[in-house]
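K.L.:
The following block contains the structure, expressed as structure tokens.
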Amino acid sequence: MIKKPVVPEHVCPYVDMAIELIENMVVQEDKNWRKSQGIMAIALLEHVRVSAEKLRASSQFWYDKSKREDRKPINKRKSQEPGLV
């Protein structure tokens with residue numbers, strides 16, 4: 001049996017934090033502070049990238065699974081497992 005993938009967490013708060021960090025960097029004069037904020041913004045955006053990759057993989061898994069199920073004759077399809085949507 002194929003294990004279903006985990007759906008990644010909601011990432012909009014991370015995008016909002018990255019935007020806020022970048023907006024603050026624009027007005028800040030301290031180069032060291034800007035550098036630390038830039039590093040933090042990059043880390044947040046990398047997290048968003050990984051989550052997006054997981055979401056694409058999860059979407060592909062469910063798309064492929066639905067296509068396999070659609071090809072089965074109706075009387076041969078398994079009943080839906082409890083807890084799966």
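If you're wondering about the labels, chains in the structure tokens are A, B, ... by order shown, residues count from 1 in each chain, ligands from 1 in order shown.
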Run DSSP on the backbone of this structure and report the residues of segment 3-79 of chain A it assigns to alpha helix (DSSP H), as a ChimeraX atom specification.
P.N.:
/A:12-27,31-71
K.L.:
With only C-alpha atoms as the counted atoms, please give the residues lying no more than 10 Å from Met40 of chain A, apart from itself and same-chain residues fewer than 6 positions off, as a ChimeraX atom specification.
P.N.:
/A:17-18,21-22,34,46
K.L.:
Compare A:Leu45, A:Val50, A:Val27, A:Leu55 by their minimum atom-to-atom distance to Pro13 of chain A, counting only C-alpha atoms, and give me the closest one.
P.N.:
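Distance minimum relative to Pro13 of chain A lands on A:Leu45.
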K.L.:
Please list as a list in words every residue within 10 Å of His10 of chain A, counting only C-alpha atoms and excluding residues in the same chain fewer than 2 positions away.
P.N.:
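The residues satisfying every condition are Val7, Pro8, Cys12, Pro13, Tyr14, Val48, Ser51 and Ala52 of chain A.
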K.L.:
Once you have the residues from the selection above, write them out as an mmCIF file, in the first residue's frame, restricted to N, CA and C atoms.
P.N.:
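Output file again.cif is given in full below:
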```
data_model
loop_
_atom_site.group_PDB
_atom_site.id
_atom_site.type_symbol
_atom_site.label_atom_id
_atom_site.label_comp_id
_atom_site.auth_asym_id
_atom_site.auth_seq_id
_atom_site.Cartn_x
_atom_site.Cartn_y
_atom_site.Cartn_z
ATOM 1 N N VAL A 7 0.427 16.798 4.068
ATOM 2 C CA VAL A 7 0.183 18.119 3.488
ATOM 3 C C VAL A 7 0.936 19.131 4.338
ATOM 4 N N PRO A 8 1.749 19.999 3.706
ATOM 5 C CA PRO A 8 2.537 20.962 4.486
ATOM 6 C C PRO A 8 1.673 22.013 5.164
ATOM 7 N N CYS A 12 1.444 31.258 4.506
ATOM 8 C CA CYS A 12 1.239 32.707 4.349
ATOM 9 C C CYS A 12 1.841 33.526 5.496
ATOM 10 N N PRO A 13 1.764 33.063 6.750
ATOM 11 C CA PRO A 13 2.403 33.851 7.810
ATOM 12 C C PRO A 13 3.915 34.010 7.594
ATOM 13 N N TYR A 14 4.555 33.001 7.019
ATOM 14 C CA TYR A 14 5.992 33.088 6.753
ATOM 15 C C TYR A 14 6.272 34.093 5.644
ATOM 16 N N VAL A 48 9.315 28.402 2.899
ATOM 17 C CA VAL A 48 8.160 28.479 1.992
ATOM 18 C C VAL A 48 8.425 27.639 0.743
ATOM 19 N N SER A 51 8.008 23.952 1.573
ATOM 20 C CA SER A 51 6.577 23.657 1.748
ATOM 21 C C SER A 51 5.861 23.591 0.406
ATOM 22 N N ALA A 52 6.208 24.472 -0.510
ATOM 23 C CA ALA A 52 5.592 24.464 -1.839
ATOM 24 C C ALA A 52 5.962 23.181 -2.594
#
```
K.L.:
Please determine, counting only C-alpha atoms, which residue among A:Val15, A:Lys65, A:Arg56, A:Gln28 has the shortest atom-to-atom distance to Ala41 of chain A.
P.N.:
A:Val15
K.L.:
Extract, using only C-alpha atoms, all DNA, RNA and protein residues at most 9 Å from Ser58 of chain A, discarding same-chain residues fewer than 5 positions from it, and format them as number ranges by chain.
P.N.:
A: 4-8, 53, 63
K.L.:
Keeping only C-alpha atoms, write those residues as a PDB file, in the first residue's frame.
P.N.:
```
ATOM      1  CA  LYS A   4      -0.159   9.101   1.533  1.00  0.00           C
ATOM      2  CA  PRO A   5       2.028  12.238   1.772  1.00  0.00           C
ATOM      3  CA  VAL A   6       1.713  14.800   4.520  1.00  0.00           C
ATOM      4  CA  VAL A   7       0.183  18.119   3.488  1.00  0.00           C
ATOM      5  CA  PRO A   8       2.537  20.962   4.486  1.00  0.00           C
ATOM      6  CA  GLU A  53       7.618  21.481  -3.090  1.00  0.00           C
ATOM      7  CA  TYR A  63      -3.969  13.343  -8.769  1.00  0.00           C
TER       8      TYR A  63
END
```
K.L.:
Please compute the atom CA of Met25 of chain A-atom CA of Gly38 of chain A distance, one decimal, in Å.
P.N.:
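For atom CA of Met25 of chain A relative to atom CA of Gly38 of chain A, the distance reads 7.6 Å.
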K.L.:
If you measure from atom CA of Lys3 of chain A to atom CA of Ala43 of chain A, what distance in Å do you get, rounded to one decimal?
P.N.:
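Here the two named atoms are 29.3 Å from each other.
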K.L.:
What does the structure give for the distance between atom CA of Glu9 of chain A and atom CA of Trp62 of chain A, in Å to one decimal?
P.N.:
17.2 Å
K.L.:
Go through A:Pro73, A:Val26, A:Lys35, A:Val11 one by one, measure the shortest atom-to-atom distance of each to His47 of chain A using only C-alpha atoms, and give the residue with the smallest value.
P.N.:
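Under the stated criterion, the closest residue is A:Val11.
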